[in-house]
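Engineer: For reference, this is model18.pdb, and it has PDB, C-alpha atoms.
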```pdb
MODEL        1
ATOM      1  CA  MET F 347       0.000   0.000   0.000  1.00  0.00           C
ATOM      2  CA  GLU F 348       2.807   2.423   0.940  1.00  0.00           C
ATOM      3  CA  HIS F 349       4.749   1.481  -2.191  1.00  0.00           C
ATOM      4  CA  LYS F 350       1.763   2.258  -4.415  1.00  0.00           C
ATOM      5  CA  ALA F 351       1.236   5.602  -2.659  1.00  0.00           C
ATOM      6  CA  ALA F 352       4.923   6.469  -3.181  1.00  0.00           C
ATOM      7  CA  GLN F 353       4.696   5.504  -6.846  1.00  0.00           C
ATOM      8  CA  ASP F 354       1.530   7.568  -7.277  1.00  0.00           C
ATOM      9  CA  ALA F 355       3.435  10.554  -5.848  1.00  0.00           C
ATOM     10  CA  GLU F 356       6.286   9.899  -8.307  1.00  0.00           C
ATOM     11  CA  ARG F 357       3.757   9.724 -11.154  1.00  0.00           C
ATOM     12  CA  GLU F 358       2.277  13.080 -10.154  1.00  0.00           C
ATOM     13  CA  PHE F 359       5.703  14.686  -9.750  1.00  0.00           C
ATOM     14  CA  ALA F 360       6.911  13.362 -13.137  1.00  0.00           C
ATOM     15  CA  GLY F 361       3.859  14.817 -14.868  1.00  0.00           C
ATOM     16  CA  THR F 362       4.163  14.475 -18.656  1.00  0.00           C
ATOM     17  CA  LEU F 363       7.524  12.688 -18.336  1.00  0.00           C
ATOM     18  CA  TRP F 364       5.775   9.664 -16.772  1.00  0.00           C
ATOM     19  CA  GLN F 365       5.669   6.625 -19.063  1.00  0.00           C
ATOM     20  CA  GLU F 366       2.954   4.253 -17.947  1.00  0.00           C
ATOM     21  CA  GLY F 367       4.009   0.634 -18.238  1.00  0.00           C
ATOM     22  CA  GLY F 368       2.217  -0.926 -15.289  1.00  0.00           C
ATOM     23  CA  TRP F 369       5.512  -1.738 -13.563  1.00  0.00           C
ATOM     24  CA  VAL F 370       5.419  -2.481  -9.840  1.00  0.00           C
ATOM     25  CA  PHE F 371       8.985  -1.243  -9.506  1.00  0.00           C
ATOM     26  CA  ALA F 372       9.904   1.576 -11.846  1.00  0.00           C
ATOM     27  CA  GLN F 373      12.195   4.519 -12.260  1.00  0.00           C
ATOM     28  CA  PRO F 374      10.865   7.915 -11.099  1.00  0.00           C
ATOM     29  CA  THR F 375       9.573   8.446 -14.657  1.00  0.00           C
ATOM     30  CA  GLY F 376       7.655   5.162 -14.830  1.00  0.00           C
ATOM     31  CA  ARG F 377      10.167   3.436 -17.090  1.00  0.00           C
ATOM     32  CA  PRO F 378      11.315  -0.059 -16.110  1.00  0.00           C
ATOM     33  CA  ILE F 379      14.313  -0.317 -13.807  1.00  0.00           C
ATOM     34  CA  ASP F 380      17.602  -0.704 -15.656  1.00  0.00           C
ATOM     35  CA  PRO F 381      18.825  -4.263 -14.918  1.00  0.00           C
ATOM     36  CA  ARG F 382      22.473  -3.148 -14.707  1.00  0.00           C
ATOM     37  CA  VAL F 383      21.686  -0.443 -12.138  1.00  0.00           C
ATOM     38  CA  ASP F 384      19.535  -2.910 -10.186  1.00  0.00           C
ATOM     39  CA  HIS F 385      22.400  -5.445 -10.211  1.00  0.00           C
ATOM     40  CA  ASP F 386      24.917  -2.876  -8.994  1.00  0.00           C
ATOM     41  CA  GLU F 387      22.584  -1.721  -6.190  1.00  0.00           C
ATOM     42  CA  TRP F 388      22.073  -5.362  -5.121  1.00  0.00           C
ATOM     43  CA  LYS F 389      25.821  -5.963  -4.926  1.00  0.00           C
ATOM     44  CA  SER F 390      26.293  -2.745  -2.926  1.00  0.00           C
ATOM     45  CA  LEU F 391      23.555  -3.809  -0.529  1.00  0.00           C
ATOM     46  CA  LEU F 392      25.232  -7.191   0.067  1.00  0.00           C
ATOM     47  CA  ALA F 393      28.594  -5.538   0.678  1.00  0.00           C
ATOM     48  CA  GLU F 394      27.097  -2.984   3.069  1.00  0.00           C
ATOM     49  CA  ALA F 395      25.296  -5.769   4.988  1.00  0.00           C
ATOM     50  CA  GLN F 396      28.570  -7.734   5.081  1.00  0.00           C
ATOM     51  CA  VAL F 397      26.970 -10.936   3.816  1.00  0.00           C
ATOM     52  CA  ARG F 398      28.297 -13.342   1.236  1.00  0.00           C
ATOM     53  CA  ASP F 399      28.076 -12.380  -2.419  1.00  0.00           C
ATOM     54  CA  ALA F 400      25.018 -13.856  -4.132  1.00  0.00           C
ATOM     55  CA  ARG F 401      22.885 -13.444  -7.188  1.00  0.00           C
ATOM     56  CA  LEU F 402      19.707 -11.417  -6.836  1.00  0.00           C
ATOM     57  CA  HIS F 403      17.838 -14.542  -7.897  1.00  0.00           C
ATOM     58  CA  ASP F 404      19.240 -16.311  -4.792  1.00  0.00           C
ATOM     59  CA  ALA F 405      17.135 -13.946  -2.694  1.00  0.00           C
ATOM     60  CA  ARG F 406      14.034 -15.770  -3.990  1.00  0.00           C
ATOM     61  CA  HIS F 407      15.375 -19.034  -2.569  1.00  0.00           C
ATOM     62  CA  THR F 408      16.085 -17.316   0.757  1.00  0.00           C
ATOM     63  CA  ALA F 409      12.662 -15.653   0.853  1.00  0.00           C
ATOM     64  CA  ALA F 410      10.844 -18.924   0.137  1.00  0.00           C
ATOM     65  CA  THR F 411      12.897 -20.787   2.739  1.00  0.00           C
ATOM     66  CA  MET F 412      12.318 -18.106   5.384  1.00  0.00           C
ATOM     67  CA  LEU F 413       8.565 -18.348   4.779  1.00  0.00           C
ATOM     68  CA  LEU F 414       8.835 -22.089   5.458  1.00  0.00           C
ATOM     69  CA  VAL F 415      10.827 -21.451   8.654  1.00  0.00           C
ATOM     70  CA  LEU F 416       8.048 -19.058   9.714  1.00  0.00           C
ATOM     71  CA  LYS F 417       5.614 -21.999   9.273  1.00  0.00           C
ATOM     72  CA  VAL F 418       3.734 -20.376   6.417  1.00  0.00           C
ATOM     73  CA  PRO F 419       1.665 -23.096   4.668  1.00  0.00           C
ATOM     74  CA  LEU F 420       2.949 -24.149   1.237  1.00  0.00           C
ATOM     75  CA  PRO F 421      -0.123 -22.851  -0.672  1.00  0.00           C
ATOM     76  CA  ALA F 422       0.451 -19.412   0.893  1.00  0.00           C
ATOM     77  CA  ILE F 423       4.176 -19.530   0.042  1.00  0.00           C
ATOM     78  CA  MET F 424       3.264 -20.372  -3.559  1.00  0.00           C
ATOM     79  CA  GLU F 425       0.803 -17.463  -3.684  1.00  0.00           C
ATOM     80  CA  ILE F 426       3.312 -14.982  -2.255  1.00  0.00           C
ATOM     81  CA  MET F 427       6.078 -16.138  -4.597  1.00  0.00           C
ATOM     82  CA  GLY F 428       3.761 -16.225  -7.628  1.00  0.00           C
ATOM     83  CA  TRP F 429       4.072 -19.949  -8.332  1.00  0.00           C
ATOM     84  CA  GLY F 430       1.259 -22.064  -9.727  1.00  0.00           C
ATOM     85  CA  ASP F 431       3.076 -25.399  -9.598  1.00  0.00           C
ATOM     86  CA  ALA F 432       4.335 -27.188  -6.473  1.00  0.00           C
ATOM     87  CA  ALA F 433       7.296 -28.489  -8.482  1.00  0.00           C
ATOM     88  CA  VAL F 434       8.620 -24.930  -8.632  1.00  0.00           C
ATOM     89  CA  ALA F 435       8.320 -24.669  -4.856  1.00  0.00           C
ATOM     90  CA  LYS F 436      10.339 -27.856  -4.509  1.00  0.00           C
ATOM     91  CA  ARG F 437      13.210 -26.202  -6.408  1.00  0.00           C
ATOM     92  CA  TYR F 438      13.120 -22.993  -4.374  1.00  0.00           C
ATOM     93  CA  VAL F 439      12.148 -23.958  -0.817  1.00  0.00           C
ATOM     94  CA  HIS F 440      15.064 -25.528   1.044  1.00  0.00           C
ATOM     95  CA  VAL F 441      14.297 -27.359   4.278  1.00  0.00           C
ATOM     96  CA  PRO F 442      16.865 -26.364   6.926  1.00  0.00           C
ATOM     97  CA  THR F 443      18.089 -28.903   9.483  1.00  0.00           C
ATOM     98  CA  GLU F 444      16.416 -26.906  12.261  1.00  0.00           C
ATOM     99  CA  VAL F 445      13.009 -27.390  10.637  1.00  0.00           C
ATOM    100  CA  VAL F 446      13.558 -31.158  10.307  1.00  0.00           C
ATOM    101  CA  SER F 447      14.694 -31.356  13.954  1.00  0.00           C
ATOM    102  CA  GLY F 448      11.625 -29.437  15.068  1.00  0.00           C
ATOM    103  CA  ILE F 449       9.366 -31.813  13.157  1.00  0.00           C
ATOM    104  CA  THR F 450      11.021 -34.903  14.663  1.00  0.00           C
ATOM    105  CA  ASN F 451      10.592 -33.409  18.151  1.00  0.00           C
ATOM    106  CA  GLN F 452       6.903 -32.725  17.469  1.00  0.00           C
ATOM    107  CA  VAL F 453       6.360 -36.289  16.231  1.00  0.00           C
ATOM    108  CA  GLY F 454       8.188 -37.683  19.255  1.00  0.00           C
ATOM    109  CA  ASP F 455       6.111 -35.591  21.641  1.00  0.00           C
ATOM    110  CA  PHE F 456       2.941 -36.722  19.871  1.00  0.00           C
ATOM    111  CA  LEU F 457       3.818 -40.423  19.939  1.00  0.00           C
ATOM    112  CA  TRP F 458       5.115 -40.587  23.475  1.00  0.00           C
ATOM    113  CA  SER F 459       3.137 -37.863  25.228  1.00  0.00           C
ATOM    114  CA  ASP F 460       1.136 -40.443  27.254  1.00  0.00           C
ATOM    115  CA  VAL F 461       4.233 -42.231  28.538  1.00  0.00           C
ATOM    116  CA  PRO F 462       4.477 -41.368  32.217  1.00  0.00           C
ATOM    117  CA  ASP F 463       7.581 -39.645  33.409  1.00  0.00           C
ATOM    118  CA  LYS F 464       9.912 -41.415  35.803  1.00  0.00           C
ATOM    119  CA  PRO F 465       8.150 -41.841  39.122  1.00  0.00           C
ATOM    120  CA  THR F 466       9.236 -39.245  41.609  1.00  0.00           C
ATOM    121  CA  PRO F 467      10.352 -40.627  44.943  1.00  0.00           C
ATOM    122  CA  PRO F 468       7.868 -39.989  47.734  1.00  0.00           C
ATOM    123  CA  GLU F 469       8.589 -37.069  49.964  1.00  0.00           C
ATOM    124  CA  PRO F 470       9.919 -38.063  53.374  1.00  0.00           C
ATOM    125  CA  GLN F 471       7.114 -38.325  55.911  1.00  0.00           C
ATOM    126  CA  PRO F 472       7.476 -36.641  59.279  1.00  0.00           C
ATOM    127  CA  ASP F 473       7.910 -38.951  62.222  1.00  0.00           C
ATOM    128  CA  ALA F 474       5.161 -39.559  64.757  1.00  0.00           C
ATOM    129  CA  GLU F 475       6.584 -37.112  67.296  1.00  0.00           C
ATOM    130  CA  ALA F 476       6.566 -34.259  64.734  1.00  0.00           C
ATOM    131  CA  ILE F 477       2.974 -35.077  63.738  1.00  0.00           C
ATOM    132  CA  LEU F 478       1.837 -35.030  67.365  1.00  0.00           C
ATOM    133  CA  ALA F 479       3.577 -31.698  67.967  1.00  0.00           C
ATOM    134  CA  GLN F 480       1.842 -30.191  64.954  1.00  0.00           C
ATOM    135  CA  VAL F 481      -1.562 -31.528  66.046  1.00  0.00           C
ATOM    136  CA  GLN F 482      -0.964 -30.135  69.550  1.00  0.00           C
ATOM    137  CA  ARG F 483      -0.222 -26.682  68.089  1.00  0.00           C
ATOM    138  CA  LEU F 484      -3.475 -26.815  66.157  1.00  0.00           C
ATOM    139  CA  LEU F 485      -5.533 -28.009  69.128  1.00  0.00           C
ATOM    140  CA  ASP F 486      -4.041 -25.790  71.860  1.00  0.00           C
ATOM    141  CA  PRO F 487      -3.137 -22.343  70.565  1.00  0.00           C
ATOM    142  CA  SER F 488      -2.012 -19.859  73.222  1.00  0.00           C
ATOM    143  CA  LYS F 489      -4.602 -17.205  73.576  1.00  0.00           C
ATOM    144  CA  ARG F 490      -3.942 -14.108  75.573  1.00  0.00           C
ATOM    145  CA  SER F 491      -6.155 -11.156  76.276  1.00  0.00           C
ATOM    146  CA  ALA F 492      -5.105  -7.612  75.576  1.00  0.00           C
ATOM    147  CA  GLY F 493      -3.775  -7.342  79.153  1.00  0.00           C
ATOM    148  CA  GLY F 494      -1.332 -10.201  78.640  1.00  0.00           C
ATOM    149  CA  GLU F 495      -3.203 -12.684  80.851  1.00  0.00           C
ATOM    150  CA  SER F 496      -4.821 -15.890  79.704  1.00  0.00           C
ATOM    151  CA  ALA F 497      -8.351 -15.497  78.464  1.00  0.00           C
ATOM    152  CA  GLU F 498     -10.955 -17.382  80.410  1.00  0.00           C
ATOM    153  CA  GLU F 499     -11.765 -20.233  78.070  1.00  0.00           C
ATOM    154  CA  PRO F 500     -12.370 -23.871  78.662  1.00  0.00           C
ATOM    155  CA  PRO F 501      -9.206 -25.971  78.754  1.00  0.00           C
ATOM    156  CA  ALA F 502      -7.922 -26.910  75.312  1.00  0.00           C
ATOM    157  CA  LEU F 503      -7.723 -30.447  74.001  1.00  0.00           C
ATOM    158  CA  ARG F 504      -4.445 -32.224  74.441  1.00  0.00           C
ATOM    159  CA  ALA F 505      -2.933 -34.836  72.193  1.00  0.00           C
ATOM    160  CA  VAL F 506      -1.880 -37.760  74.348  1.00  0.00           C
ATOM    161  CA  THR F 507       1.149 -39.902  73.479  1.00  0.00           C
TER
ENDMDL
END
```
Before we go any further, please render this structure as structure tokens.
Structural biologist:
Amino acid sequence: MEHKAAQDAEREFAGTLWQEGGWVFAQPTGRPIDPRVDHDEWKSLLAEAQVRDARLHDARHTAATMLLVLKVPLPAIMEIMGWGDAAVAKRYVHVPTEVVSGITNQVGDFLWSDVPDKPTPPEPQPDAEAILAQVQRLLDPSKRSAGGESAEEPPALRAVT
């Protein structure tokens, strides 16, 4: 959308110099981009980004592969790239090792998700004396009045050992 708006502005600015050709990417006068200039700009971009030298066409392979890594469905990749035949996609889309590893992990999780984990050892149980002390604390809390003396309440229950 932004690209079209920018091109519309170029068309208006060029006025009578604009040559309509229906190009998506065009010079500021509407003429097609010069392939030599495009090639030189591509090479400059690679150098500036400090990435390996590659053909502009290689960018299509990279774009298609990145769409796969992003888990875009193949029909959508084909639509974006302008392909009508899955055989073309097979030539362009390269399946990285990371994608294959991710798939094998998903299959493994699916197949063995119901396998119980190793049993965890039971937590150590408190001994009888510790249990009785805890019960006693629950049954016989110290209650004091605001003056610091014992409140007049019936005697508390006692755990007997």
Engineer: Apply the PyMOL selection byres ((chain F and resi 365) around 7) to the displayed file and report the matching residues as a ChimeraX atom specification.
Structural biologist: /F:363-364,366-367,375-377
Engineer: Report the residues retrieved by the PyMOL selection byres ((chain F and resi 413-429) around 12) from the displayed file, expressed as number ranges by chain.
Structural biologist: F: 405-412, 430-449
Engineer: If you measure from CA of Ala352 in chain F to CA of Gln396 in chain F, what distance in Å do you get, rounded to one decimal?
Structural biologist: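 CA of Gln396 in chain F lies at a distance of 28.8 Å from CA of Ala352 in chain F.
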Engineer: Kindly provide, as AutoDock Vina command-line options, the centre and edge lengths (Å, one decimal) of an axis-aligned box around all atoms of range 353-368 of chain F given in the file, with 3 Å on each side.
Structural biologist:
```
--center_x 4.5 --center_y 6.9 --center_z -12.5 --size_x 12.0 --size_y 21.7 --size_z 19.2
```
Engineer: Nearest to Val370 in chain F: which of F:Asp354, F:Asp399, F:Glu387, F:Asp460 is it, counting all atoms listed in the file?
Structural biologist: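 Closest to Val370 in chain F of all the choices is F:Asp354.
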Engineer: Just to confirm, what's the straight-line distance from CA of Asp380 in chain F to CA of Ala360 in chain F in Å (one decimal)?
Structural biologist: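 Taking CA of Asp380 in chain F as the start and CA of Ala360 in chain F as the end point, the length is 17.8 Å.
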Engineer: Identify which of the residues F:Lys350, F:Leu392, F:Ala476, F:Val383 lies closest to Trp369 in chain F, counting only C-alpha atoms when measuring atom-to-atom distances.
Structural biologist: F:Lys350
Engineer: So how many Å separate CA of Ala372 in chain F and CA of Gln353 in chain F, to one decimal?
Structural biologist: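 So the answer is 8.2 Å.
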